[in-house]
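Step one of this worksheet: look at the structure below.
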Amino acid sequence: MSTLIAYFSRADENYFGGSMRYIDKGNTEVAAEKIQAMTGADLFKIEMKHPYAKEYMTCINQAKDDKNNGVRPELVSFPESIDSYDSVILAYPNYWGTYPMAVLTFLEHFDFTGKTIYPLCTNEGSGMGSSERDLKKTLAGAKIAAGLSVSGSSVNSCDSQLRRWLEANQLL
Ligand SMILES: Cc1cc2nc3c(=O)[nH]c(=O)nc-3n(C[C@H](O)[C@H](O)[C@H](O)COP(=O)(O)O)c2cc1C
């Protein structure tokens with residue numbers, strides 16, 4: 001069984017339990033790299049050609065506009081093929097209640113029929129939001145496993161939570 005970890009994440013200014021702070025590495029990227037270290041799976045970063053602003057409040061509004069307008073942001077690149085993977089760990093932050101629109105650009109680029117998707121969502125309190133339901137609609141031919149919600153602010157100490165989830169899904 002071969003697994004791909006695909007993730008979207010944003011560094012720069014973010015909100016952590018009441019205050020704003022600039023960070024070098026986004027929360028989801030921290031989680032995705034931990035999973036990579038645990039599983040040895042291939043890692044792919046979903047990156048926007050024109051990233052959202054470094055300033056949190058501007059980014060918030062850009063992401064809201066993209067969601068409301070059904071925008072599919074252009075990506076820097078895609079994996080050449082995902083044919084060899086039967087499992088995809090899809091990691092993303094909760095943006096306005098679901099995955100960011102750049103993740104949708106990624107999902108619509110490939111045929112996920114027959115694959116199992118394991119969603120992981122970092123967030124500041126909204127959990128998975130509607131992202132699992134939205135994945136089921138977008139990827140009708142794929143199996144969507146029960147996702148994992150990780151608190152973005154405490155991503156540095158989520159190792160045992162990740163391990164339990166990976167073990168429960170036979171990904172370790
Ligand atoms: C544009 C935007 C929208 C967000 N919307 C939500 C939300 O609806 N619910 C929530 O709990 N957190 C929300 N957050 C917080 C992020 O989900 C959280 O900080 C996440 O860990 C960021 O991941 P990253 O650092 O990998 O980008 C939002 C953050 C941004 C930037």
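In the structure tokens, chains take letters A, B, ... by order of appearance, with residues numbered from 1 within each chain and ligands from 1 in the order shown.
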
- Extract, using only C-alpha atoms, all DNA, RNA and protein residues at most 10 Å from A:Leu104, discarding same-chain residues fewer than 2 positions from it, and format them as number ranges by chain. A: 70-73, 99-102, 106-109, 134-135, 138

Output the selection as a compact mmCIF listing (two decimals), in the first residue's frame - C-alpha atoms for each residue.
```txt
# COMPACT_ATOMS: atom_id res chain seq x y z
CA GLY A 70 -16.09 29.63 -6.00
CA VAL A 71 -12.57 30.56 -7.10
CA ARG A 72 -10.07 27.77 -7.87
CA PRO A 73 -6.71 29.46 -7.14
CA TYR A 99 -10.84 23.30 3.35
CA PRO A 100 -9.18 26.21 1.50
CA MET A 101 -10.15 26.67 -2.16
CA ALA A 102 -6.57 25.81 -3.23
CA PHE A 106 -5.81 20.11 -6.22
CA LEU A 107 -8.72 17.69 -5.77
CA GLU A 108 -10.32 18.56 -9.11
CA HIS A 109 -7.06 17.99 -10.98
CA ASP A 134 -17.57 18.52 1.26
CA LEU A 135 -14.90 15.93 0.42
CA THR A 138 -16.25 16.51 -4.41
```

- Item | All residues 12 Å or closer to A:Lys136, only C-alpha atoms, same chain fewer than 5 positions away omitted, as a list in words |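 Non-adjacent residues within range: Leu107, Phe112, Thr113, Thr116, Ile117, Tyr118, Pro119, Ser130, Ser131, Gly141, Ala142, Lys143, Ile144, Ala145, Ala146 and Gly147 of chain A.
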
Could you report the residues within 6 Å of ligand 1, using only C-alpha atoms and all ligand atoms, as a PDB file with C-alpha atoms, in the first residue's frame?
```pdb
ATOM      1  CA  SER A   9      -0.480  25.389   4.924  1.00  0.00           C
ATOM      2  CA  ARG A  10       0.329  29.064   5.346  1.00  0.00           C
ATOM      3  CA  ALA A  11       3.164  30.603   7.383  1.00  0.00           C
ATOM      4  CA  GLY A  26       2.328  26.880   9.217  1.00  0.00           C
ATOM      5  CA  ASN A  27       0.546  24.588  11.680  1.00  0.00           C
ATOM      6  CA  THR A  28      -0.600  22.090   9.069  1.00  0.00           C
ATOM      7  CA  GLU A  29       2.912  21.839   7.675  1.00  0.00           C
ATOM      8  CA  CYS A  59      -5.737  36.851   4.243  1.00  0.00           C
ATOM      9  CA  ILE A  60      -8.978  36.181   6.086  1.00  0.00           C
ATOM     10  CA  ALA A  63      -9.957  33.502   1.530  1.00  0.00           C
ATOM     11  CA  PRO A  93      -6.401  24.293   7.810  1.00  0.00           C
ATOM     12  CA  ASN A  94     -10.054  25.050   8.421  1.00  0.00           C
ATOM     13  CA  TYR A  95     -10.798  28.177   6.321  1.00  0.00           C
ATOM     14  CA  TRP A  96     -14.274  29.544   6.925  1.00  0.00           C
ATOM     15  CA  GLY A  97     -15.665  26.172   7.917  1.00  0.00           C
ATOM     16  CA  THR A 122      -5.989  22.038  11.846  1.00  0.00           C
ATOM     17  CA  ASN A 123      -8.211  24.739  13.276  1.00  0.00           C
ATOM     18  CA  GLU A 124      -8.825  27.197  16.076  1.00  0.00           C
ATOM     19  CA  GLY A 125     -12.009  25.654  17.401  1.00  0.00           C
ATOM     20  CA  SER A 126     -14.322  24.758  14.509  1.00  0.00           C
ATOM     21  CA  GLY A 152      -3.480  24.607  15.351  1.00  0.00           C
TER      22      GLY A 152
END
```

- Query: Out of A:Glu80, A:Asp42, A:Glu55, A:Glu47, which residue has the shortest atom-to-atom distance to A:Ile23 when counting only C-alpha atoms?
  - Reply: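 Smallest separation from A:Ile23 among the options: A:Glu55.
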
- Residues of stretch 3-95 of chain A in alpha helix (DSSP H), written as a ChimeraX atom specification: /A:27-39,56-68

- Query: When DSSP works through the backbone of this structure, what residues of chain A end up as strand (DSSP E), shown as a PyMOL selection string?
  - Reply: chain A and resi 3-7+12-16+19-23+42-45+87-93+116-123+143-144+148-151

- Query: Separation of atom CA of A:Ser84 and atom CA of A:Thr98, in Å?
  - Reply: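 Rounded to one decimal, the two atoms are 27.3 Å apart.
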
- Task: Figure out the distance between atom CA of A:Ser157 and atom CA of A:Met128, please, to one decimal in Å.
- Result: 18.9 Å
